[in-house]
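**Q** One structure coming up, written as structure tokens, with questions to follow.
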Amino acid sequence: MSMPNRTNQQGVVLFISLILLLVLTILGVSTVQTTSLEVRMSRNHHDSTLAFQAAESALRDAEDAIEAVLTTAVFDDAGPLYAVAEMDEVERWRVANVWTGGNSAVAATNVDGVAEQPRYIIEHAASVIREENAYQLDDPYAAAGVDRIEMFRITARGIGGTPNARVVLQSGYGRILD
């Protein structure tokens with residue numbers, strides 16, 4: 001048996017080793033990129049969920065505020081209690097400065113971990129006469145009390161852990177004013 005001559009070797013093992021190292025490096029970089037993308041997605045989801053919960057909290061606080069209202073006369077063009085916008089006007093919640101200062105109310109419930117506490121506005125939308133009792137009234141549109149339901153639109157805005165995550169929720173709420 002003769003020993004192979006070193007001069008006949010052509011470096012195939014080195015070439016294959018470099019190719020395998022390149023493939024492993026590409027797999028490692030791809031795994032790191034995928035993991036960092038998933039972490040960002042998870043943070044964004046958490047942030048938007050936090051903003052949604054903050055907005056829901058503001059909706060509940062606004063419903064409590066409506067329960068304390070005694071008359072619709074307090075609903076005008078000054079916040080946070082508004083008369084509903086006319087058809088040719090911009091809706092109140094779309095106005096640029098409605099979410100600052102006294103134009104909107106800060107929710108009473110303090111939400112931890114948010115960049116800014118949730119806020120809300122309440123709009124008086126309409127007075128509705130209950131149809132099942134209207135025939136008992138002489139003048140159903142002049143009736144007061146139990147046959148008139150006041151309808152409100154609540155708009156709440158929640159901010160997540162960063163100012164980039166914003167959620168706006170709207171809800172209708174009706175109640176009989178005594």
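Here's how to read the names in the structure tokens: chain A, B, ... by the order shown, residue numbers from 1 in each chain, ligand numbers from 1 in the order shown.
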What's around stretch 101-104 of chain A at 12 Å? Count only C-alpha atoms, leave out sequence neighbours fewer than 5 positions away in its own chain, and write the answer as a PyMOL selection string.
**A** chain A and resi 58+62+76-82+92-93+95-96+117-123+154-157
**Q** Which neighbours of A:Ser127 fall inside 9 Å, counting only C-alpha atoms, when residues of the same chain fewer than 2 positions from it are skipped, and could you give them as a PDB file with all heavy atoms, in the first residue's frame?
**A**
ATOM      1  N   HIS A 124     -74.438  64.952  23.330  1.00  0.00           N
ATOM      2  CA  HIS A 124     -75.869  64.680  23.410  1.00  0.00           C
ATOM      3  C   HIS A 124     -76.359  64.549  21.981  1.00  0.00           C
ATOM      4  O   HIS A 124     -76.320  65.496  21.199  1.00  0.00           O
ATOM      5  CB  HIS A 124     -76.601  65.805  24.145  1.00  0.00           C
ATOM      6  CG  HIS A 124     -78.068  65.588  24.207  1.00  0.00           C
ATOM      7  ND1 HIS A 124     -78.958  66.368  23.510  1.00  0.00           N
ATOM      8  CD2 HIS A 124     -78.803  64.659  24.861  1.00  0.00           C
ATOM      9  CE1 HIS A 124     -80.182  65.933  23.750  1.00  0.00           C
ATOM     10  NE2 HIS A 124     -80.116  64.894  24.563  1.00  0.00           N
ATOM     11  N   ALA A 125     -76.839  63.366  21.628  1.00  0.00           N
ATOM     12  CA  ALA A 125     -77.209  63.091  20.245  1.00  0.00           C
ATOM     13  C   ALA A 125     -78.667  63.401  19.961  1.00  0.00           C
ATOM     14  O   ALA A 125     -78.980  64.017  18.941  1.00  0.00           O
ATOM     15  CB  ALA A 125     -76.907  61.634  19.907  1.00  0.00           C
ATOM     16  N   ILE A 129     -88.606  59.733  22.156  1.00  0.00           N
ATOM     17  CA  ILE A 129     -89.836  59.408  22.853  1.00  0.00           C
ATOM     18  C   ILE A 129     -90.085  57.910  22.685  1.00  0.00           C
ATOM     19  O   ILE A 129     -90.022  57.395  21.565  1.00  0.00           O
ATOM     20  CB  ILE A 129     -91.037  60.193  22.284  1.00  0.00           C
ATOM     21  CG1 ILE A 129     -90.786  61.695  22.359  1.00  0.00           C
ATOM     22  CG2 ILE A 129     -92.322  59.815  23.007  1.00  0.00           C
ATOM     23  CD1 ILE A 129     -90.682  62.233  23.753  1.00  0.00           C
ATOM     24  N   ARG A 148     -89.233  60.108  27.890  1.00  0.00           N
ATOM     25  CA  ARG A 148     -88.190  60.683  27.039  1.00  0.00           C
ATOM     26  C   ARG A 148     -86.849  60.049  27.430  1.00  0.00           C
ATOM     27  O   ARG A 148     -86.433  60.112  28.572  1.00  0.00           O
ATOM     28  CB  ARG A 148     -88.119  62.194  27.238  1.00  0.00           C
ATOM     29  CG  ARG A 148     -87.121  62.860  26.304  1.00  0.00           C
ATOM     30  CD  ARG A 148     -87.068  64.356  26.511  1.00  0.00           C
ATOM     31  NE  ARG A 148     -88.360  64.994  26.384  1.00  0.00           N
ATOM     32  CZ  ARG A 148     -88.910  65.400  25.235  1.00  0.00           C
ATOM     33  NH1 ARG A 148     -88.266  65.209  24.113  1.00  0.00           N
ATOM     34  NH2 ARG A 148     -90.068  65.986  25.208  1.00  0.00           N
ATOM     35  N   ILE A 149     -86.200  59.454  26.431  1.00  0.00           N
ATOM     36  CA  ILE A 149     -84.874  58.872  26.645  1.00  0.00           C
ATOM     37  C   ILE A 149     -83.866  59.775  25.960  1.00  0.00           C
ATOM     38  O   ILE A 149     -84.011  60.095  24.780  1.00  0.00           O
ATOM     39  CB  ILE A 149     -84.782  57.446  26.073  1.00  0.00           C
ATOM     40  CG1 ILE A 149     -85.792  56.542  26.774  1.00  0.00           C
ATOM     41  CG2 ILE A 149     -83.367  56.899  26.200  1.00  0.00           C
ATOM     42  CD1 ILE A 149     -85.883  55.160  26.183  1.00  0.00           C
ATOM     43  N   GLU A 150     -82.875  60.192  26.690  1.00  0.00           N
ATOM     44  CA  GLU A 150     -81.801  61.022  26.126  1.00  0.00           C
ATOM     45  C   GLU A 150     -80.699  60.100  25.625  1.00  0.00           C
ATOM     46  O   GLU A 150     -80.243  59.209  26.343  1.00  0.00           O
ATOM     47  CB  GLU A 150     -81.256  61.987  27.184  1.00  0.00           C
ATOM     48  CG  GLU A 150     -82.293  62.912  27.774  1.00  0.00           C
ATOM     49  CD  GLU A 150     -82.970  63.818  26.762  1.00  0.00           C
ATOM     50  OE1 GLU A 150     -82.360  64.128  25.726  1.00  0.00           O
ATOM     51  OE2 GLU A 150     -84.134  64.197  27.008  1.00  0.00           O
ATOM     52  N   MET A 151     -80.283  60.322  24.386  1.00  0.00           N
ATOM     53  CA  MET A 151     -79.247  59.500  23.762  1.00  0.00           C
ATOM     54  C   MET A 151     -77.935  60.272  23.691  1.00  0.00           C
ATOM     55  O   MET A 151     -77.916  61.442  23.314  1.00  0.00           O
ATOM     56  CB  MET A 151     -79.671  59.083  22.348  1.00  0.00           C
ATOM     57  CG  MET A 151     -80.932  58.234  22.308  1.00  0.00           C
ATOM     58  SD  MET A 151     -80.791  56.697  23.233  1.00  0.00           S
ATOM     59  CE  MET A 151     -79.467  55.888  22.373  1.00  0.00           C
TER      60      MET A 151
END
**Q** Apply DSSP to the backbone of this structure and, from stretch 38-142 of chain A, keep only the residues in helix (DSSP H, G or I); write these as a ChimeraX atom specification.
**A** /A:38-67,72-74,92-94,101-103,131-134,140-142
**Q** Skipping near chain neighbours, those fewer than 6 positions away, what residues fall within 9 Å of A:Thr162 using only C-alpha atoms, listed as a ChimeraX atom specification?
**A** /A:47,114-116
**Q** Nearest residue to A:Ala165 out of A:Val69, A:Met87, A:Ala54, A:Val74, using only C-alpha atoms?
**A**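 The closest residue to A:Ala165 is A:Ala54.
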**Q** Could you please determine the separation between atom CA of A:Met41 and atom CA of A:Ser57 in Å, to one decimal place?
**A** 24.2 Å
**Q** Can you work out the spacing between atom CA of A:Gly160 and atom CA of A:Arg43 in Å, to one decimal?
**A**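 Here the two named atoms are 10.6 Å from each other.
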